[in-house]
Amino acid sequence: MNRLLTVKEAAEMLGTWETSGERFPRRLVAERRITFVKVGRHVRIPEDALAAYVAERTVQPVSRTRRLRRAA
């Protein structure tokens with residue numbers, strides 16, 4: 001079974017709790033950018049939905065090739 005996180009737990013996992021509190025996860029829910037579950041009037045975010053959100057937005061580093069400068 002997938003664990004359901006509170007908005008505070010989701011913010012802590014995203015690393016946004018210290019700076020913006022619950023605003024960022026609540027904005028993701030309001031904009032329907034992340035899967036969520038309504039339990040009565042409470043919002044819960046599935047742990048794997050949060051992991052998928054992070055994985056989708058992870059940017060891989062680009063290996064830089066060295067460019068040789070030509071003399072003019």
# chains A, B, ... in the order shown; residues from 1 in each chain; ligands from 1

call {"tool": "select_by_dssp", "arguments": {"residues": "chain A", "states": "strand (DSSP E or B)", "output": "PyMOL selection string"}}
result
chain A and resi 4-5+37-39+42-46

call {"tool": "write_last_selection", "arguments": {"atoms": "N, CA and C atoms", "output": "mmCIF file, in the first residue's frame"}}
result
data_model
loop_
_atom_site.group_PDB
_atom_site.id
_atom_site.type_symbol
_atom_site.label_atom_id
_atom_site.label_comp_id
_atom_site.auth_asym_id
_atom_site.auth_seq_id
_atom_site.Cartn_x
_atom_site.Cartn_y
_atom_site.Cartn_z
ATOM 1 N N LEU A 4 0.174 7.677 2.375
ATOM 2 C CA LEU A 4 -0.389 8.991 2.089
ATOM 3 C C LEU A 4 0.259 10.009 3.018
ATOM 4 N N LEU A 5 0.809 11.061 2.440
ATOM 5 C CA LEU A 5 1.515 12.084 3.204
ATOM 6 C C LEU A 5 0.625 13.284 3.449
ATOM 7 N N VAL A 37 -5.287 12.985 -2.822
ATOM 8 C CA VAL A 37 -6.476 12.293 -2.342
ATOM 9 C C VAL A 37 -7.165 13.197 -1.337
ATOM 10 N N LYS A 38 -8.473 13.348 -1.475
ATOM 11 C CA LYS A 38 -9.244 14.104 -0.491
ATOM 12 C C LYS A 38 -9.809 13.098 0.510
ATOM 13 N N VAL A 39 -9.499 13.288 1.770
ATOM 14 C CA VAL A 39 -10.041 12.476 2.854
ATOM 15 C C VAL A 39 -10.852 13.435 3.712
ATOM 16 N N HIS A 42 -9.517 16.994 4.318
ATOM 17 C CA HIS A 42 -8.055 16.947 4.352
ATOM 18 C C HIS A 42 -7.505 16.498 3.003
ATOM 19 N N VAL A 43 -6.333 16.997 2.666
ATOM 20 C CA VAL A 43 -5.647 16.626 1.431
ATOM 21 C C VAL A 43 -4.471 15.741 1.802
ATOM 22 N N ARG A 44 -4.338 14.628 1.103
ATOM 23 C CA ARG A 44 -3.200 13.730 1.289
ATOM 24 C C ARG A 44 -2.556 13.493 -0.070
ATOM 25 N N ILE A 45 -1.241 13.398 -0.068
ATOM 26 C CA ILE A 45 -0.484 13.210 -1.307
ATOM 27 C C ILE A 45 0.200 11.850 -1.238
ATOM 28 N N PRO A 46 -0.067 10.966 -2.213
ATOM 29 C CA PRO A 46 0.598 9.666 -2.218
ATOM 30 C C PRO A 46 2.112 9.829 -2.364
#

call {"tool": "select_by_dssp", "arguments": {"residues": "chain A", "states": "helix (DSSP H, G or I)", "output": "ChimeraX atom specification"}}
result
/A:7-14,17-20,23-30,47-56

call {"tool": "atom_distance", "arguments": {"atom1": "atom CA of Arg41 of chain A", "atom2": "atom CA of Val54 of chain A"}}
result
25.6 Å

call {"tool": "atom_distance", "arguments": {"atom1": "atom CA of Glu18 of chain A", "atom2": "atom CA of Gly40 of chain A"}}
result
27.3 Å

call {"tool": "closest_residue", "arguments": {"among": "A:Arg64, A:Arg23, A:Arg70, A:Arg33", "to": "Ala49 of chain A", "atoms": "only C-alpha atoms"}}
result
A:Arg33

call {"tool": "atom_distance", "arguments": {"atom1": "atom CA of Leu50 of chain A", "atom2": "atom CA of Thr35 of chain A"}}
result
8.0 Å

call {"tool": "closest_residue", "arguments": {"among": "A:Ala52, A:Glu47, A:Arg66, A:Glu9", "to": "Gly21 of chain A", "atoms": "only C-alpha atoms"}}
result
A:Glu9

call {"tool": "residues_around", "arguments": {"residues": "Ala51 of chain A", "least_positions_apart": "6", "cutoff": "12 Å", "atoms": "only C-alpha atoms", "output": "PyMOL selection string"}}
result
chain A and resi 2-3+5+10+13-14+34-35+45+57-58

call {"tool": "decode", "arguments": {"residues": "chain A", "atoms": "C-alpha atoms", "output": "mmCIF file, in the first residue's frame"}}
result
data_model
loop_
_atom_site.group_PDB
_atom_site.id
_atom_site.type_symbol
_atom_site.label_atom_id
_atom_site.label_comp_id
_atom_site.auth_asym_id
_atom_site.auth_seq_id
_atom_site.Cartn_x
_atom_site.Cartn_y
_atom_site.Cartn_z
ATOM 1 C CA MET A 1 0.000 0.000 0.000
ATOM 2 C CA ASN A 2 1.210 3.470 -0.851
ATOM 3 C CA ARG A 3 1.717 5.817 2.104
ATOM 4 C CA LEU A 4 -0.389 8.991 2.089
ATOM 5 C CA LEU A 5 1.515 12.084 3.204
ATOM 6 C CA THR A 6 0.128 15.183 4.825
ATOM 7 C CA VAL A 7 0.858 18.491 3.128
ATOM 8 C CA LYS A 8 3.490 19.247 5.776
ATOM 9 C CA GLU A 9 5.226 15.896 5.211
ATOM 10 C CA ALA A 10 5.185 16.505 1.451
ATOM 11 C CA ALA A 11 6.727 19.957 1.959
ATOM 12 C CA GLU A 12 9.433 18.456 4.165
ATOM 13 C CA MET A 13 10.217 15.801 1.531
ATOM 14 C CA LEU A 14 10.415 18.468 -1.182
ATOM 15 C CA GLY A 15 12.642 20.608 1.027
ATOM 16 C CA THR A 16 10.302 23.596 0.968
ATOM 17 C CA TRP A 17 9.051 23.512 4.549
ATOM 18 C CA GLU A 18 11.746 25.846 5.902
ATOM 19 C CA THR A 19 11.191 28.562 3.315
ATOM 20 C CA SER A 20 7.549 28.491 2.292
ATOM 21 C CA GLY A 21 5.797 26.105 4.639
ATOM 22 C CA GLU A 22 2.816 24.381 3.027
ATOM 23 C CA ARG A 23 2.411 26.872 0.172
ATOM 24 C CA PHE A 24 4.302 24.960 -2.528
ATOM 25 C CA PRO A 25 2.588 21.562 -2.098
ATOM 26 C CA ARG A 26 -0.794 23.276 -1.771
ATOM 27 C CA ARG A 27 -0.111 25.183 -4.997
ATOM 28 C CA LEU A 28 0.745 21.906 -6.750
ATOM 29 C CA VAL A 29 -2.586 20.505 -5.583
ATOM 30 C CA ALA A 30 -4.561 23.629 -6.513
ATOM 31 C CA GLU A 31 -3.042 23.678 -10.010
ATOM 32 C CA ARG A 32 -3.643 19.910 -10.363
ATOM 33 C CA ARG A 33 0.043 19.357 -11.088
ATOM 34 C CA ILE A 34 0.293 16.411 -8.677
ATOM 35 C CA THR A 35 -1.974 13.519 -7.754
ATOM 36 C CA PHE A 36 -3.754 13.928 -4.433
ATOM 37 C CA VAL A 37 -6.476 12.293 -2.342
ATOM 38 C CA LYS A 38 -9.244 14.104 -0.491
ATOM 39 C CA VAL A 39 -10.041 12.476 2.854
ATOM 40 C CA GLY A 40 -12.986 14.486 4.105
ATOM 41 C CA ARG A 41 -11.688 18.034 4.047
ATOM 42 C CA HIS A 42 -8.055 16.947 4.352
ATOM 43 C CA VAL A 43 -5.647 16.626 1.431
ATOM 44 C CA ARG A 44 -3.200 13.730 1.289
ATOM 45 C CA ILE A 45 -0.484 13.210 -1.307
ATOM 46 C CA PRO A 46 0.598 9.666 -2.218
ATOM 47 C CA GLU A 47 4.296 9.125 -1.619
ATOM 48 C CA ASP A 48 4.874 7.597 -5.054
ATOM 49 C CA ALA A 49 3.110 10.560 -6.733
ATOM 50 C CA LEU A 50 5.547 12.890 -4.998
ATOM 51 C CA ALA A 51 8.492 10.718 -6.078
ATOM 52 C CA ALA A 52 7.160 10.700 -9.671
ATOM 53 C CA TYR A 53 6.796 14.498 -9.613
ATOM 54 C CA VAL A 54 10.424 14.886 -8.530
ATOM 55 C CA ALA A 55 11.642 12.294 -11.060
ATOM 56 C CA GLU A 56 9.824 14.033 -13.938
ATOM 57 C CA ARG A 57 11.480 17.327 -13.112
ATOM 58 C CA THR A 58 14.980 16.026 -12.465
ATOM 59 C CA VAL A 59 17.466 17.462 -14.944
ATOM 60 C CA GLN A 60 20.481 15.360 -15.792
ATOM 61 C CA PRO A 61 23.869 17.070 -16.134
ATOM 62 C CA VAL A 62 25.252 17.646 -19.602
ATOM 63 C CA SER A 63 28.771 16.550 -20.305
ATOM 64 C CA ARG A 64 30.669 19.449 -21.761
ATOM 65 C CA THR A 65 33.085 18.821 -24.568
ATOM 66 C CA ARG A 66 36.091 20.986 -24.728
ATOM 67 C CA ARG A 67 36.025 23.387 -27.638
ATOM 68 C CA LEU A 68 39.319 24.279 -29.196
ATOM 69 C CA ARG A 69 39.816 27.892 -30.097
ATOM 70 C CA ARG A 70 41.133 28.615 -33.501
ATOM 71 C CA ALA A 71 43.703 31.285 -34.009
ATOM 72 C CA ALA A 72 42.423 34.120 -36.141
#
